[in-house]
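S.K.: Supplied in structure tokens, the structure appears directly below.
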Amino acid sequence: MIITREKALSTPQSMRHTVRRALRSSLLELGSGTKAELSDKLGISFPTVGKVLEQMKQEGEVTLLGLDESSGGRRANRYAFNPDYMLGLAVYYEKEQSVYTLFNWNGDLIERTVEDAVLHCEPEALASQLGNWIRSYPKIRSIAAGLPAAVRDGVISHIPTYGAFQDYDLKSYLETLYSIPVVVGRLSATFAAIINPDAIMWCEHDLLPSTLISIKERASTYVPEPHLPEMQLRDWEQDYIAGLQRLALDMMISDTRAV
């Protein structure tokens with residue numbers, strides 16, 4: 001990801017936001033970096049990187065790991081992200097329950113809680129349940145929510161049996177209420193036809209290990225075993241939450257309130 005000073009937006013505040021967002025992405029990718037390393041990677045001037053990093057350090061967003069070993073010149077400070085500076089919340093709503101997962105910048109699990117179902121209620125009940133988390137964890141900076149519905153741009157366009165949410169702009173409602181970026185997605189399986197896939201993932205909720213073995217054996221009668229794609233059983237909830245967390249993390253990277 002290369003962002004030059006010329007590509008940064010015109011106002012000083014916009015430029016600081018652009019640089020900070022780039023530094024967040026790089027520090028998350030690299031784990032740590034010096035001013036020189038980050039300047040070279042991003043194509044942003046050394047003084048600009050240093051100024052924004054210092055602001056991030058003062059606000060607690062990055063920490064100093066110490067000084068690098070000297071290669072003959074002045075020893076450089078090495079910076080790393082403070083994983084608890086901002087938190088993300090991933091939640092999916094089902095008929096029987098609401099499952100909340102709180103995580104930090106590194107994706108480390110802080111808390112996972114199963115709460116009462118709210119889809120049979122009005123949207124205000126969902127917002128109230130969500131509000132308890134926001135009040136308990138004021139560092140939450142993004143929310144990714146999954147529902148058993150068709151969703152477009154945060155508006156629920158099709159959600160059978162839950163009439164109170166039909167055609168409801170849940171994203172705008174929650175963002176207006178809590179001033180936190182929200183992404184709303186669909187909780188369901190997605191199927192795609194791919195020619196010559198490297199791997200096929202099966203949901204362990206729907207398939208027994210013995211059945212997967214039978215599938216492999218049957219497939220080998222049509223395709224030589226060395227050329228068969230890898231077949232695995234996966235935990236659908238783990239993969240789904242990981243996807244929601246990725247969406248929430250992307251919003252955290254773009255967060256402007258700390259700038």
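Ordering of the structure tokens sets the chain letters (A, B, ...), residue numbers begin anew at 1 in every chain, and ligands are numbered from 1 in the order given.
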What residues in range 100-255 of chain A get the DSSP label strand (DSSP E)? Please answer as a PyMOL selection string.

M.R.: chain A and resi 100-103+109-116+140-147+150-152+155-158+168-169+182-186+199-203+230-234

S.K.: I'd like the contact shell of range 113-129 of chain A - 8 Å cut-off, only C-alpha atoms, skipping same-chain residues fewer than 6 positions apart - returned as a count of residues only.

M.R.: 14

S.K.: So that I can check the secondary structure, give me every residue of range 25-80 of chain A assigned helix (DSSP H, G or I) by backbone DSSP, as a count of residues only.

M.R.: 27

S.K.: How far is it from CA of Leu42 in chain A to CA of Ala22 in chain A, in Å with one decimal?

M.R.: 7.3 Å

S.K.: Just want the 7 Å neighbourhood of Thr34 in chain A, counted on only C-alpha atoms, with same-chain residues fewer than 2 positions away dropped. Output as a VMD selection string.

M.R.: chain A and resid 36 to 38 76 to 79

S.K.: Find the residues near Glu61 in chain A: any atom within 10 Å, counting only C-alpha atoms, skip ones fewer than 5 places away on the same chain, and give them as an mmCIF file with C-alpha atoms, in the first residue's frame.

M.R.:
```
data_model
loop_
_atom_site.group_PDB
_atom_site.id
_atom_site.type_symbol
_atom_site.label_atom_id
_atom_site.label_comp_id
_atom_site.auth_asym_id
_atom_site.auth_seq_id
_atom_site.Cartn_x
_atom_site.Cartn_y
_atom_site.Cartn_z
ATOM 1 C CA ARG A 24 -2.341 1.525 11.377
ATOM 2 C CA LEU A 53 3.564 8.559 15.238
ATOM 3 C CA GLU A 54 4.332 10.942 18.087
ATOM 4 C CA GLN A 55 0.696 12.020 18.219
ATOM 5 C CA MET A 56 -0.389 8.372 18.226
ATOM 6 C CA ALA A 80 4.123 -1.140 17.905
ATOM 7 C CA PHE A 81 0.382 -0.850 18.079
ATOM 8 C CA ASN A 82 -1.340 -0.880 21.465
ATOM 9 C CA PRO A 83 -3.814 -3.749 20.887
ATOM 10 C CA ASP A 84 -6.254 -2.484 23.512
ATOM 11 C CA TYR A 85 -6.427 1.094 22.259
ATOM 12 C CA MET A 86 -9.620 0.317 20.362
ATOM 13 C CA ALA A 258 -8.880 9.866 17.392
#
```

S.K.: Go ahead and compute the interatomic distance for CA of Trp105 in chain A and CA of Val155 in chain A, in Å to one decimal.

M.R.: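 CA of Trp105 in chain A sits 27.4 Å away from CA of Val155 in chain A.
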
S.K.: Work out how far apart CA of Ser14 in chain A and CA of Gln58 in chain A are and give it in Å to one decimal.

M.R.: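 Distance between the two atoms: 19.3 Å.
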
S.K.: Quick one: everything within 9 Å of range 135-151 of chain A, counting only C-alpha atoms, minus sequence neighbours fewer than 6 positions away in the same chain. Send it as an NGL selection string.

M.R.: :A and (84-95 or 102 or 119 or 157-160 or 180-188 or 240-241 or 244-252 or 255)

S.K.: Can you pull out every residue within 9 Å of Val52 in chain A, counting only C-alpha atoms, but drop anything in the same chain fewer than 2 positions away, and send it as a PDB file with N, CA, C and O atoms, in the first residue's frame?

M.R.:
```pdb
ATOM      1  N   ARG A  16      -3.499  14.111   8.045  1.00  0.00           N
ATOM      2  CA  ARG A  16      -3.149  13.351   9.249  1.00  0.00           C
ATOM      3  C   ARG A  16      -3.968  12.071   9.325  1.00  0.00           C
ATOM      4  O   ARG A  16      -3.452  11.011   9.713  1.00  0.00           O
ATOM      5  N   VAL A  19      -2.538   9.566   6.785  1.00  0.00           N
ATOM      6  CA  VAL A  19      -1.273   9.000   7.243  1.00  0.00           C
ATOM      7  C   VAL A  19      -1.506   8.050   8.403  1.00  0.00           C
ATOM      8  O   VAL A  19      -0.924   6.955   8.460  1.00  0.00           O
ATOM      9  N   ARG A  20      -2.373   8.432   9.322  1.00  0.00           N
ATOM     10  CA  ARG A  20      -2.633   7.564  10.481  1.00  0.00           C
ATOM     11  C   ARG A  20      -3.247   6.241  10.041  1.00  0.00           C
ATOM     12  O   ARG A  20      -2.872   5.178  10.539  1.00  0.00           O
ATOM     13  N   LEU A  23      -0.529   4.135   8.640  1.00  0.00           N
ATOM     14  CA  LEU A  23       0.342   3.619   9.696  1.00  0.00           C
ATOM     15  C   LEU A  23      -0.329   2.489  10.460  1.00  0.00           C
ATOM     16  O   LEU A  23       0.319   1.497  10.827  1.00  0.00           O
ATOM     17  N   PRO A  47       9.638  13.117   8.238  1.00  0.00           N
ATOM     18  CA  PRO A  47       9.085  14.042   9.248  1.00  0.00           C
ATOM     19  C   PRO A  47       7.581  13.865   9.466  1.00  0.00           C
ATOM     20  O   PRO A  47       7.103  13.972  10.594  1.00  0.00           O
ATOM     21  N   THR A  48       6.839  13.595   8.372  1.00  0.00           N
ATOM     22  CA  THR A  48       5.391  13.421   8.510  1.00  0.00           C
ATOM     23  C   THR A  48       5.072  12.168   9.307  1.00  0.00           C
ATOM     24  O   THR A  48       4.223  12.173  10.208  1.00  0.00           O
ATOM     25  N   VAL A  49       5.767  11.069   8.992  1.00  0.00           N
ATOM     26  CA  VAL A  49       5.572   9.822   9.740  1.00  0.00           C
ATOM     27  C   VAL A  49       5.907  10.039  11.211  1.00  0.00           C
ATOM     28  O   VAL A  49       5.171   9.608  12.110  1.00  0.00           O
ATOM     29  N   GLY A  50       7.016  10.714  11.476  1.00  0.00           N
ATOM     30  CA  GLY A  50       7.413  10.950  12.857  1.00  0.00           C
ATOM     31  C   GLY A  50       6.405  11.788  13.620  1.00  0.00           C
ATOM     32  O   GLY A  50       6.107  11.505  14.788  1.00  0.00           O
ATOM     33  N   GLU A  54       4.221  10.312  16.772  1.00  0.00           N
ATOM     34  CA  GLU A  54       4.332  10.942  18.087  1.00  0.00           C
ATOM     35  C   GLU A  54       2.949  11.270  18.642  1.00  0.00           C
ATOM     36  O   GLU A  54       2.680  11.083  19.841  1.00  0.00           O
ATOM     37  N   GLN A  55       2.061  11.750  17.782  1.00  0.00           N
ATOM     38  CA  GLN A  55       0.696  12.020  18.219  1.00  0.00           C
ATOM     39  C   GLN A  55       0.004  10.726  18.652  1.00  0.00           C
ATOM     40  O   GLN A  55      -0.679  10.690  19.679  1.00  0.00           O
ATOM     41  N   MET A  56       0.202   9.661  17.881  1.00  0.00           N
ATOM     42  CA  MET A  56      -0.389   8.372  18.226  1.00  0.00           C
ATOM     43  C   MET A  56       0.169   7.849  19.538  1.00  0.00           C
ATOM     44  O   MET A  56      -0.559   7.250  20.345  1.00  0.00           O
ATOM     45  N   LYS A  57       1.449   8.077  19.787  1.00  0.00           N
ATOM     46  CA  LYS A  57       2.059   7.630  21.045  1.00  0.00           C
ATOM     47  C   LYS A  57       1.485   8.400  22.223  1.00  0.00           C
ATOM     48  O   LYS A  57       1.178   7.824  23.276  1.00  0.00           O
TER      49      LYS A  57
END
```

S.K.: Point out the residue among A:Gly243, A:Gly31, A:Gly131, A:Pro209 with the least atom-to-atom distance to Met231 in chain A, counting only C-alpha atoms.

M.R.: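 When distances to Met231 in chain A are compared using only C-alpha atoms, the smallest one comes from A:Pro209.
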